[in-house]
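Asker: Below is the file final.txt, with compact mmCIF, C-alpha atoms.
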```txt
# COMPACT_ATOMS: atom_id res chain seq x y z
CA MET A 396 44.44 -25.03 -82.70
CA ASN A 397 46.13 -25.94 -85.92
CA ASP A 398 46.87 -28.57 -88.53
CA LEU A 399 49.77 -29.89 -86.47
CA PRO A 400 49.35 -31.74 -83.16
CA VAL A 401 48.42 -29.44 -80.31
CA HIS A 402 51.09 -31.25 -78.32
CA LEU A 403 54.30 -32.79 -79.64
CA ASP A 404 53.54 -36.25 -78.30
CA CYS A 405 56.08 -39.06 -78.56
CA ASN A 406 53.25 -41.62 -78.82
CA ALA A 407 51.37 -39.83 -81.60
CA SER A 408 50.53 -42.00 -84.62
CA THR A 409 52.11 -39.43 -86.97
CA PRO A 410 55.25 -38.02 -85.30
CA ILE A 411 56.06 -34.43 -86.21
CA ASP A 412 59.60 -33.11 -86.40
CA ALA A 413 60.18 -30.67 -83.53
CA ALA A 414 61.53 -27.90 -85.75
CA THR A 415 58.57 -28.22 -88.14
CA TYR A 416 56.14 -28.17 -85.23
CA ASP A 417 57.67 -25.06 -83.69
CA ALA A 418 58.00 -23.26 -87.04
CA TRP A 419 54.23 -23.46 -87.53
CA TYR A 420 53.91 -20.73 -84.90
CA ASP A 421 55.88 -18.42 -87.21
CA THR A 422 53.15 -18.60 -89.87
CA PRO A 423 50.50 -15.85 -89.78
CA ARG A 424 47.75 -18.23 -88.66
CA GLY A 425 49.96 -20.04 -86.21
CA ARG A 426 51.18 -16.83 -84.61
CA TRP A 427 47.62 -15.53 -84.25
CA ILE A 428 46.38 -18.75 -82.66
CA GLY A 429 49.37 -19.10 -80.35
CA THR A 430 49.21 -15.46 -79.29
CA THR A 431 45.45 -15.65 -78.66
CA GLU A 432 45.80 -18.74 -76.49
CA PHE A 433 48.78 -17.27 -74.65
CA ARG A 434 46.93 -14.05 -73.86
CA LEU A 435 44.00 -16.02 -72.45
CA LEU A 436 46.15 -18.26 -70.24
CA SER A 437 48.41 -15.40 -69.17
CA GLY A 438 45.40 -13.42 -68.01
CA LEU A 439 44.04 -16.41 -66.11
CA ILE A 440 47.16 -17.18 -64.09
CA GLN A 441 47.69 -13.50 -63.13
CA ALA A 442 51.46 -13.93 -62.74
CA ARG A 443 53.70 -11.16 -61.46
CA PRO A 444 57.35 -10.56 -62.48
CA GLY A 445 59.60 -12.87 -60.50
CA ASP A 446 56.95 -15.58 -59.99
CA THR A 447 57.88 -19.19 -60.66
CA LEU A 448 55.89 -20.98 -63.38
CA LEU A 449 55.74 -24.59 -64.57
CA ASP A 450 54.55 -25.42 -68.11
CA VAL A 451 53.34 -29.05 -68.08
CA GLY A 452 53.58 -30.67 -71.50
CA CYS A 453 55.70 -27.87 -72.91
CA GLY A 454 56.61 -29.61 -76.17
CA THR A 455 59.10 -27.46 -78.07
CA GLY A 456 58.64 -24.62 -75.58
CA TRP A 457 56.81 -22.03 -77.70
CA PHE A 458 54.46 -21.05 -74.87
CA THR A 459 57.20 -21.54 -72.26
CA ARG A 460 59.35 -18.94 -73.99
CA ARG A 461 56.43 -16.48 -74.11
CA PHE A 462 55.98 -16.79 -70.34
CA ALA A 463 59.71 -16.30 -69.78
CA GLU A 464 59.47 -13.01 -71.70
CA LYS A 465 57.14 -11.79 -68.93
CA ASP A 466 60.03 -11.91 -66.43
CA LEU A 467 58.85 -15.14 -64.86
CA ARG A 468 61.17 -17.88 -63.60
CA VAL A 469 60.01 -20.66 -65.89
CA THR A 470 60.36 -24.45 -66.03
CA GLY A 471 59.14 -26.53 -68.96
CA LEU A 472 58.34 -30.23 -68.50
CA ASP A 473 57.67 -32.81 -71.21
CA PRO A 474 58.19 -36.56 -71.78
CA ASN A 475 59.39 -36.11 -75.37
CA PRO A 476 63.20 -35.98 -75.62
CA ASP A 477 63.18 -34.54 -79.15
CA GLY A 478 60.92 -31.66 -78.16
CA LEU A 479 62.98 -30.93 -75.06
CA ALA A 480 66.25 -31.03 -77.00
CA PHE A 481 64.85 -28.51 -79.46
CA ALA A 482 63.54 -26.31 -76.62
CA HIS A 483 66.88 -26.38 -74.83
CA ALA A 484 68.76 -25.43 -78.00
CA LYS A 485 66.30 -22.63 -78.74
CA GLY A 486 66.75 -21.16 -75.28
CA PRO A 487 66.91 -18.80 -73.55
CA PRO A 488 69.31 -20.33 -71.01
CA ALA A 489 67.32 -19.01 -68.05
CA ILE A 490 64.53 -21.54 -68.72
CA ARG A 491 64.89 -24.91 -66.99
CA TRP A 492 63.84 -27.93 -69.11
CA VAL A 493 62.87 -31.15 -67.32
CA ALA A 494 61.98 -34.59 -68.71
CA GLY A 495 58.99 -35.94 -66.83
CA ASP A 496 55.51 -37.42 -66.75
CA ALA A 497 52.50 -35.18 -66.05
CA ARG A 498 51.01 -37.98 -63.95
CA SER A 499 53.98 -37.97 -61.55
CA LEU A 500 55.59 -34.55 -61.54
CA PRO A 501 59.15 -34.65 -60.14
CA PHE A 502 58.62 -31.68 -57.82
CA SER A 503 57.62 -31.25 -54.21
CA ASP A 504 54.23 -29.90 -53.12
CA ARG A 505 53.57 -26.21 -53.86
CA SER A 506 56.83 -25.80 -55.80
CA PHE A 507 55.59 -23.19 -58.29
CA ASP A 508 53.59 -19.98 -57.91
CA ARG A 509 51.74 -20.69 -61.16
CA VAL A 510 51.24 -23.84 -63.27
CA VAL A 511 49.92 -24.00 -66.83
CA SER A 512 49.28 -26.76 -69.35
CA VAL A 513 48.35 -25.92 -72.95
CA ALA A 514 46.23 -28.64 -74.59
CA ALA A 515 48.72 -31.34 -73.55
CA LEU A 516 46.61 -33.51 -71.26
CA CYS A 517 44.52 -34.71 -74.21
CA PHE A 518 47.46 -37.06 -74.92
CA VAL A 519 47.94 -38.20 -71.30
CA ASN A 520 46.31 -41.47 -70.22
CA ASP A 521 44.68 -40.68 -66.79
CA GLU A 522 44.04 -36.97 -67.08
CA ARG A 523 42.54 -36.91 -63.59
CA GLN A 524 45.88 -37.93 -62.07
CA ALA A 525 47.68 -35.28 -64.15
CA VAL A 526 45.24 -32.62 -62.92
CA ALA A 527 45.80 -33.73 -59.31
CA GLU A 528 49.56 -33.40 -59.84
CA ILE A 529 49.21 -29.91 -61.31
CA VAL A 530 47.15 -28.83 -58.31
CA ARG A 531 49.66 -30.45 -55.93
CA VAL A 532 52.68 -28.49 -57.22
CA ALA A 533 50.85 -25.16 -57.66
CA ARG A 534 51.28 -22.70 -54.80
CA GLN A 535 48.78 -20.08 -55.97
CA ARG A 536 47.08 -20.37 -59.38
CA PHE A 537 46.82 -22.78 -62.30
CA ALA A 538 45.29 -22.80 -65.78
CA ILE A 539 44.79 -25.93 -67.88
CA GLY A 540 43.71 -25.92 -71.53
CA TRP A 541 41.87 -28.81 -73.21
CA LEU A 542 40.50 -29.57 -76.67
CA ASN A 543 36.83 -28.60 -76.75
CA ARG A 544 34.32 -31.14 -78.07
CA SER A 545 31.70 -28.36 -78.27
CA SER A 546 33.60 -26.37 -80.91
CA LEU A 547 33.86 -25.84 -84.63
CA LEU A 548 37.37 -27.29 -84.48
CA TYR A 549 35.98 -30.60 -83.20
CA ALA A 550 33.45 -30.67 -86.04
CA GLN A 551 36.30 -30.19 -88.51
CA LYS A 552 39.07 -32.32 -86.99
CA GLY A 553 37.90 -34.38 -84.04
CA GLN A 554 35.04 -36.62 -85.09
CA GLY A 555 35.46 -40.35 -85.59
CA GLY A 556 38.59 -40.58 -83.48
CA GLY A 557 40.17 -37.50 -85.03
CA SER A 558 41.50 -36.84 -88.49
CA GLY A 559 45.11 -36.31 -89.51
CA ALA A 560 47.31 -35.08 -86.69
CA TYR A 561 44.36 -35.03 -84.25
CA HIS A 562 43.98 -38.81 -84.40
CA GLY A 563 43.98 -40.23 -80.89
CA ALA A 564 43.48 -36.95 -79.05
CA ARG A 565 40.71 -36.77 -76.45
CA TRP A 566 38.13 -34.01 -76.65
CA HIS A 567 35.89 -32.96 -73.75
CA ARG A 568 32.72 -30.96 -73.41
CA PRO A 569 33.32 -27.98 -71.11
CA GLY A 570 30.98 -29.24 -68.40
CA GLU A 571 32.89 -32.50 -68.11
CA LEU A 572 36.15 -30.80 -67.23
CA LEU A 573 35.04 -29.66 -63.79
CA ASP A 574 34.75 -33.32 -62.76
CA PHE A 575 38.56 -33.61 -62.94
CA PHE A 576 38.79 -31.23 -59.96
CA SER A 577 36.30 -33.05 -57.73
CA GLY A 578 37.76 -33.59 -54.28
CA LEU A 579 40.89 -31.52 -54.93
CA PRO A 580 41.90 -28.54 -52.71
CA VAL A 581 40.92 -25.83 -55.21
CA SER A 582 38.66 -22.80 -55.26
CA ARG A 583 37.37 -20.11 -57.61
CA LEU A 584 37.26 -22.41 -60.65
CA VAL A 585 36.32 -20.53 -63.82
CA MET A 586 36.01 -21.57 -67.44
CA HIS A 587 37.07 -19.65 -70.55
CA SER A 588 37.68 -20.56 -74.16
CA ALA A 589 39.50 -19.22 -77.22
CA ILE A 590 39.69 -19.73 -81.00
CA PHE A 591 36.00 -19.68 -81.90
CA LEU A 592 36.68 -19.82 -85.65
CA PRO A 593 39.92 -21.74 -86.29
CA ALA A 594 40.39 -20.50 -89.87
CA GLY A 595 42.44 -17.53 -88.69
CA ASN A 596 41.14 -15.21 -91.41
CA ARG A 597 39.87 -11.65 -90.95
CA VAL A 598 36.40 -12.80 -89.90
CA ALA A 599 37.86 -15.23 -87.34
CA ARG A 600 40.09 -12.53 -85.86
CA THR A 601 37.22 -10.06 -85.65
CA MET A 602 34.95 -12.57 -83.93
CA GLU A 603 37.71 -13.44 -81.46
CA ARG A 604 37.85 -9.78 -80.43
CA LEU A 605 34.09 -9.38 -80.18
CA LEU A 606 32.97 -12.60 -78.49
CA PRO A 607 33.50 -12.89 -74.73
CA HIS A 608 35.89 -15.64 -73.77
CA THR A 609 33.48 -16.82 -71.11
CA LEU A 610 31.54 -18.50 -73.95
CA PRO A 611 32.24 -22.27 -73.99
CA TRP A 612 32.59 -22.71 -77.77
CA GLY A 613 36.25 -22.04 -78.50
CA GLY A 614 38.54 -24.77 -79.80
CA MET A 615 40.56 -24.58 -76.59
CA VAL A 616 38.69 -24.45 -73.30
CA ALA A 617 40.63 -23.53 -70.16
CA ILE A 618 39.87 -24.12 -66.50
CA SER A 619 41.66 -21.89 -64.03
CA GLY A 620 41.55 -21.57 -60.29
CA GLU A 621 43.40 -21.22 -57.00
CA THR A 622 44.90 -23.82 -54.73
CA GLU A 623 43.88 -23.95 -51.08
```
I need this file expressed as structure tokens, please.
Answerer:
Amino acid sequence: MNDLPVHLDCNASTPIDAATYDAWYDTPRGRWIGTTEFRLLSGLIQARPGDTLLDVGCGTGWFTRRFAEKDLRVTGLDPNPDGLAFAHAKGPPAIRWVAGDARSLPFSDRSFDRVVSVAALCFVNDERQAVAEIVRVARQRFAIGWLNRSSLLYAQKGQGGGSGAYHGARWHRPGELLDFFSGLPVSRLVMHSAIFLPAGNRVARTMERLLPHTLPWGGMVAISGETE
């Protein structure tokens, strides 16, 4: 959760250069936020070395590269050619980068052991279809992160259609997200959230350690589960 778009979207009203976007994660606040979100999602998907993983809406690949460092066989998918070109150049070469639409994933059923999406569906028109596609290609577990309307971040950046780089993003209350999974072959759905105080200062970092991530107030709320 940051002052740049949470997803490098080619339709955003204020396009962000891919290198600038990715470099934000090298700042102290950016690294803390990215690492906190990664730890949450990594724990939720419960991947083992050698598992295949798809990152839907990978942008410049910051999270994709973190998953690859866990000895996973990783694929990153995004519709933005600039973000994918940057990700490919950044490497490592073991990661496969694919241009594609989250609403029509170019993979067969149950292609990946794990599937993640990090706050990317808020820029996809028909999120329900994107969720159905994620479930379709996941063999075992999935974890999807959304922008949380019931958060301090929304109060700061999301009201009135969103300010600055958040303009046009969709925010959801945690309870609404479960509706996206209605009728899909999933089980053991659970909800977690992260980044309770988006400032990234000492108080924010302390609270992030102390508050349980089962609370629904973090700037990113994630739904995870298993496919049937």
Asker: Which of these residues is nearest to A:Gly595, using all atoms listed in the file: A:Arg424, A:Arg434, A:Arg468, A:Lys552?
Answerer: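 With all atoms listed in the file as the atom set, the closest residue is A:Arg424.
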Asker: Counting all atoms listed in the file, what is within 7 Å of A:Ile539, bar same-chain residues fewer than 5 positions away, as a PyMOL selection string?
Answerer: chain A and resi 511-513+617-619
Asker: In terms of the shortest atom-to-atom distance over all atoms listed in the file, which of A:Ala594, A:Leu573, A:Val451, A:Val469 is closest to A:Ile428?
Answerer: A:Ala594
Asker: Calculated over only C-alpha atoms, which of the candidates A:Asp466, A:Pro580, A:Ala527, A:Gly614 has the smallest distance to A:His567?
Answerer: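 Closest to A:His567, using only C-alpha atoms: A:Gly614.
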Asker: Could you give me, as number ranges by chain, the residues that have an atom at most 12 Å away from the point (66.2, -27.6, -74.6) in the coordinates of the file, using all atoms listed in the file?
Answerer: A: 413, 453-457, 459-460, 470-473, 475-494
Asker: My list of candidates is A:Ser437, A:Asn520, A:Gln551, A:Ser506. Which is closest to A:Pro593 when distances are computed with only C-alpha atoms?
Answerer: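 When distances to A:Pro593 are compared using only C-alpha atoms, the smallest one comes from A:Gln551.
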Asker: Please compute the atom CA of A:Asp446-atom CA of A:Asp504 distance, one decimal, in Å.
Answerer: 16.1 Å
Asker: Kindly indicate which residue among A:Trp427, A:Gly557, A:Glu432, A:Phe458 lies nearest to A:Arg600, using all atoms listed in the file for the distances.
Answerer: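 Looking only at the distances to A:Arg600, the closest residue turns out to be A:Trp427.
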Asker: In terms of the shortest atom-to-atom distance over only C-alpha atoms, which of A:Phe462, A:Tyr420, A:Phe507, A:Trp541 is closest to A:Ala564?
Answerer: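 Of A:Phe462, A:Tyr420, A:Phe507, A:Trp541, the one nearest A:Ala564, counting only C-alpha atoms, is A:Trp541.
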Asker: Please indicate the distance in Å from atom CA of A:Glu621 to atom CA of A:Gly429, rounded to one decimal place.
Answerer: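 Separating atom CA of A:Glu621 from atom CA of A:Gly429 is a distance of 24.2 Å.
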Asker: What does the distance from atom CA of A:Ile529 to atom CA of A:Ala414 come to in Å, to one decimal?
Answerer: 27.4 Å
Asker: Can you pull out the residues contacting A:Met602? Cut-off 8 Å, using only C-alpha atoms, and skip same-chain residues under 4 positions away; I want them as a VMD selection string.
Answerer: chain A and resid 591 to 592 598 606
Asker: For A:Leu610, list every protein, DNA or RNA residue within 12 Å, evaluated using only C-alpha atoms, and leave out those in the same chain fewer than 2 positions away; present the list as JSON, numbers by chain.
Answerer: {"A": [543, 545, 546, 569, 585, 586, 587, 588, 589, 590, 591, 603, 605, 606, 607, 608, 612, 613, 614, 615, 616, 617]}
